[in-house]
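Everything on this sheet refers to the single structure shown next.
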Amino acid sequence: MDDVRRGPRYWLSSYAAMLRFDVAAQRNWLPMFLLMQIMFGAGMAIIYGFYIGHLSRAAALYLVSGSPALAVLTAGLIGVVMMVTERQQAGTWDFIWSLPAPRSAAVASTFTVLTLLSVPGIVVTLVLAAWRYGLTLSVSPAVVPAVLLSSLMATSVGFAMAQLIGKPVVTNALVNALIFVMLIFSPVQFPISRLPLWLADVHRVLPVYYLGQVVRSSLTTGIVTNTALSYVMLSAWTVVAWAGTAWVVGRRR
Amino acid sequence: MAAWARSYRRMVAWDLADLRLYLPVLSAVLVLQGAGFVLGIGLLFSNMPESAALFLTTGAPVMNLVTAGLIFEPQLVAEQRIRGSYEFIQSLPVPRSASALAWYSVAQVIALPAVILTLLTGVVRYHLHLAVTPVIVPAVVLTCLTGVLIGLAVAHGVTAPMVANLVSVVMIFVMTGFSPVAFPASQLPGWLQTANQWLPFGSMAAIVRSALTNGALTNGALTTSVPRAYLVVGVWAVAAALVVAWAQGRRR
């Protein structure tokens with residue numbers, strides 16, 4: 001009965017095997033991931049402080065509690081997309097799909113590894129930013145689901161986007177433009193009420209604002225309200241990204 | 001002299017033809033960089049003081065002026081090295097100074113529309129009044145030329161393509177985040193203020209800003225005077241030119 005290639009047990013053993021594969025393949029990326037996340041997470045929190053000049057404690061708290069969200073977005077949008085497009089160029093995906101493991105197990109393992117890979121960068125970013133402004137945060141246990149869901153969402157969306165577009169050059173150009181717009185115009189480091197109405201409306205559909213809210217609410221008290229909606233929106237984006245991934249990974253060519 | 005002028009014209013034509021696909025994109029990126037930055041940074045403030053708006057509006061054009069030279073040229077040359085066309089282009093029978101000046105002219109022309117649009121965006125968005133003086137011409141020329149020369153120094157001096165790319169990205173990061181270009185130097189920690197007395201970006205901003213505001217605002221730092229800023233930028237330009245000459249002249 002060793003050759004039965006279906007069922008939950010087979011899926012789980014494939015998932016475990018793919019986890020080993022992905023951990024081995026991704027470990028070289030970890031320093032790179034970390035560096036980018038610190039640059040765009042802690043770096044931007046510090047740089048924005050230079051621009052603003054004299055920061056009140058509330059303003060500093062806002063910058064610090066927003067910084068992990070930028071680290072999450074950096075990992076998902078730049079890190080994951082770079083990894084996926086590099087594998088597209090090298091033809092690695094064709095190899096992975098040809099392995100005797102269900103594609104869903106392979107994708108699940110990639111998502112698991114990349115989601116966890118971004119956690120050290122998030123933590124370091126937060127510690128650095130808090131240290132720079134001399135703040136002590138009131139971290140609640142909600143930080144665990146907040147960071148994990150945010151990271152999973154960003155990973156899934158980055159992965160789905162890169163796979164759906166399929167052309168590395170186009171994806172990279174798009175991401176370069178996106179990261180600039182995202183770092184500057186996202187209501188993560190400033191309240192959404194400062195945006196023009198139409199842009200605020202756009203951000204009430206996109207996940208970035210909700211990601212910032214969820215993470216901020218787990219690090220501070222009294223700034224963020226209505227976290228439930230943010231969790232719902234992040235979950236919705238994750239599910240949509242999974243659907244897109246399932247479609248593009250599952251189809252025959 | 002006539003031969004030099006002919007080489008210069010040929011190299012301008014060469015650059016324009018070689019980069020015909022890149023230049024419109026680069027131009028658009030510069031506009032997005034400048035105008036986007038001017039609008040975006042304003043969102044960080046609940047109530048933006050006029051001086052902050054003035055620093056931002058007069059600093060962002062400096063980023064426009066040097067980005068093409070600082071980041072685009074090293075990446076382009078890195079690509080040439082990877083493709084193997086670097087030696088071919090270096091072997092063209094034109095004086096190196098003509099080809100460097102040709103690239104400067106192209107970079108300057110790409111940057112100008114972005115500079116103007118960035119300034120207009122800031123003036124309209126924050127209701128500012130600028131007092132532009134004729135000194136703006138040497139200020140803009142020197143800033144752009146120095147950016148181009150530093151970029152050329154990196155492009156030709158650093159032979160490993162990956163390292164050259166990294167250096168240019170780090171320079172842009174330092175310019176945007178850790179130099180008193182679009183905010184007063186007094187908002188930086190002391191050691192960064194001191195470092196920026198010698199780095200080129202803060203001084204570039206000081207000379208452009210003083211030309212745009214009739215000297216009313218320079219750098220916000222107590223010791224930075226405009227003549228000193230000209231001197232710092234000039235020294236960087238000369239030093240970069242020497243590196244380029246050395247890197248292109250050596251035998252391999």
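Residue numbering restarts at 1 in every chain; chains get A, B, ... in the order shown in the structure tokens, and ligands count up from 1 in that same order.
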
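In chain A, the set of residues within 10 Å of chain B (atoms considered: only C-alpha atoms) is Met39, Gly43, Met44, Ile46, Ile47, Tyr48, Gly49, Phe50, Tyr51, Ile52, Gly53, His54, Ala59, Leu63, Ala177, Phe180, Val181, Leu183, Ile184, Phe185, Ser186, Pro187, Gln189, Phe190, Pro191, Ile192, Ser193, Arg194 and Leu195 of chain A.
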
What would the file look like if the residues just selected were written as an mmCIF file, in the first residue's frame with C-alpha atoms?
```cif
data_model
loop_
_atom_site.group_PDB
_atom_site.id
_atom_site.type_symbol
_atom_site.label_atom_id
_atom_site.label_comp_id
_atom_site.auth_asym_id
_atom_site.auth_seq_id
_atom_site.Cartn_x
_atom_site.Cartn_y
_atom_site.Cartn_z
ATOM 1 C CA MET A 39 15.865 49.112 5.955
ATOM 2 C CA GLY A 43 14.782 52.698 8.508
ATOM 3 C CA MET A 44 11.600 54.450 7.413
ATOM 4 C CA ILE A 46 13.735 56.662 11.783
ATOM 5 C CA ILE A 47 13.843 58.653 8.528
ATOM 6 C CA TYR A 48 10.268 59.896 8.876
ATOM 7 C CA GLY A 49 11.277 61.126 12.320
ATOM 8 C CA PHE A 50 14.001 63.258 10.697
ATOM 9 C CA TYR A 51 11.461 64.739 8.307
ATOM 10 C CA ILE A 52 8.918 65.560 10.977
ATOM 11 C CA GLY A 53 11.506 67.058 13.314
ATOM 12 C CA HIS A 54 10.119 67.466 16.778
ATOM 13 C CA ALA A 59 3.546 60.896 17.098
ATOM 14 C CA LEU A 63 5.655 55.790 13.812
ATOM 15 C CA ALA A 177 6.524 51.259 -8.484
ATOM 16 C CA PHE A 180 7.380 53.578 -3.546
ATOM 17 C CA VAL A 181 3.683 54.406 -3.632
ATOM 18 C CA LEU A 183 5.803 53.493 1.508
ATOM 19 C CA ILE A 184 4.771 57.081 0.855
ATOM 20 C CA PHE A 185 1.001 57.089 0.448
ATOM 21 C CA SER A 186 -0.182 54.274 2.735
ATOM 22 C CA PRO A 187 -2.068 55.206 5.879
ATOM 23 C CA GLN A 189 2.602 55.888 9.314
ATOM 24 C CA PHE A 190 -0.109 58.555 9.411
ATOM 25 C CA PRO A 191 -3.889 58.532 10.090
ATOM 26 C CA ILE A 192 -6.097 57.635 7.101
ATOM 27 C CA SER A 193 -8.042 60.876 7.612
ATOM 28 C CA ARG A 194 -5.128 62.830 6.106
ATOM 29 C CA LEU A 195 -5.579 61.207 2.722
#
```

Item to complete: Going by DSSP on the backbone, which bits of segment 17-249 of chain A are alpha helix (DSSP H)? Write them as a ChimeraX atom specification, please.
Response: /A:17-26,29-40,42-52,57-73,81-90,92-98,103-117,119-132,143-165,168-185,197-203,208-219,227-249

Residues of segment 93-183 of chain A that approach segment 209-229 of chain A to 6 Å or less, counting only C-alpha atoms: could you list each one with the shortest pair of atoms and its distance in Å to one decimal, rows by chain and increasing residue number, as CSV?
```
residue,atom,partner,partner_atom,distance
A:Leu137,CA,A:Leu219,CA,6.0
A:Ser138,CA,A:Thr220,CA,5.5
A:Val139,CA,A:Leu219,CA,4.5
A:Ser140,CA,A:Ser218,CA,5.4
A:Ala142,CA,A:Ser218,CA,5.3
A:Val143,CA,A:Ser218,CA,4.9
A:Ala146,CA,A:Val215,CA,5.5
A:Ser150,CA,A:Leu211,CA,5.9
```

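Closest approach to Val94 of chain B among B:Ala153, B:Ala5, B:Leu23, B:Met175 is made by B:Ala5 (distances from only C-alpha atoms).
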
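The residue set within 10 Å of Val72 of chain A, counting only C-alpha atoms and dropping same-chain residues fewer than 4 places from it, reads A:Gln37, A:Phe40, A:Gly41, A:Ser67, A:Pro68, A:Gly76, A:Leu77, A:Ile78, A:Gly79, A:Thr115, A:Ser118, A:Val119, A:Gly121, A:Ile122, A:Thr125, A:Val147, A:Leu148, A:Ser150, A:Ser151, A:Leu152, A:Met153, A:Ala154, A:Thr155, A:Val208, A:Leu211, A:Gly212, A:Val215.
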
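When the distance limit is 9 Å and only C-alpha atoms are what count, the residues near Ile96 of chain A, minus those fewer than 5 positions from it on the same chain, are Ala101, Arg103 and Ala106 of chain A.
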
Discussion item. Would you pick out the contacts of Val208 of chain B at 9 Å or less, using only C-alpha atoms, so that residues sharing its chain but fewer than 2 positions from it are not included, and give the list as JSON, numbers by chain?
Written reply: {"B": [58, 59, 61, 62, 135, 136, 139, 140, 143, 203, 204, 205, 206, 210, 211, 212, 213, 218]}

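Here atom CA of Gly166 of chain A is placed at a distance of 11.0 Å from atom CA of Val249 of chain A.
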
Worksheet item: What does the distance between atom CA of Val115 of chain B and atom CA of Asn64 of chain B come to in Å, to one decimal place?
Response: 6.0 Å

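Our summary of the geometry notes that atom CA of Ala107 of chain B is positioned 12.0 Å from atom CA of Pro24 of chain B.
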
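Comparing the minimum interatomic distances between Leu34 of chain A and each of A:Ala60, A:Ala90, A:Thr112, A:Val124, counting only C-alpha atoms, we find that A:Val124 sits nearest.
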
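The shortest atom-to-atom distance to Ser109 of chain A, with only C-alpha atoms taken into account, belongs to A:Ser156 out of A:Ser156, A:Thr238, A:Ser230, A:Thr171.
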
Item to complete: Identify, on the basis of only C-alpha atoms, every residue whose closest approach to Glu86 of chain A does not exceed 12 Å; exclude the query and any residue fewer than 5 positions from it along the same chain; express the result as number ranges by chain.
Response: A: 29, 78-81, 91-93, 162-163, 166-169, 171-172

Write the selection just made, keeping C-alpha atoms, as a compact mmCIF listing (two decimals), in the first residue's frame?
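The new file again06.txt reads:
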```
# COMPACT_ATOMS: atom_id res chain seq x y z
CA TRP A 29 17.50 34.35 1.78
CA ILE A 78 9.73 42.60 -2.31
CA GLY A 79 11.10 39.45 -0.69
CA VAL A 80 8.47 36.93 -1.77
CA VAL A 81 8.09 38.45 -5.22
CA GLY A 91 12.67 27.32 -14.21
CA THR A 92 12.60 26.05 -10.64
CA TRP A 93 8.80 26.05 -10.45
CA ALA A 162 3.94 37.12 -9.06
CA GLN A 163 2.50 33.79 -10.24
CA GLY A 166 4.06 35.25 -14.71
CA LYS A 167 6.51 37.62 -16.41
CA PRO A 168 9.42 38.47 -14.09
CA VAL A 169 10.28 41.76 -15.82
CA THR A 171 6.36 41.88 -11.99
CA ASN A 172 9.58 43.54 -10.88
```

Worksheet item: Got a sec: who's within 8 Å of Val123 of chain B, counting only C-alpha atoms, leaving out chain neighbours fewer than 6 positions off, as number ranges by chain?
Response: B: 57, 129-130

Practice prompt. Return the single residue from A:Arg57, A:Arg20, A:Arg27, A:Arg6 that is closest to Pro100 of chain A, with distances computed using only C-alpha atoms.
Written response: A:Arg6

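Residue nearest Gly122 of chain B within the list B:Ala68, B:Ala98, B:Ala13, B:Ala35: B:Ala35 [criterion: smallest interatomic distance, only C-alpha atoms].
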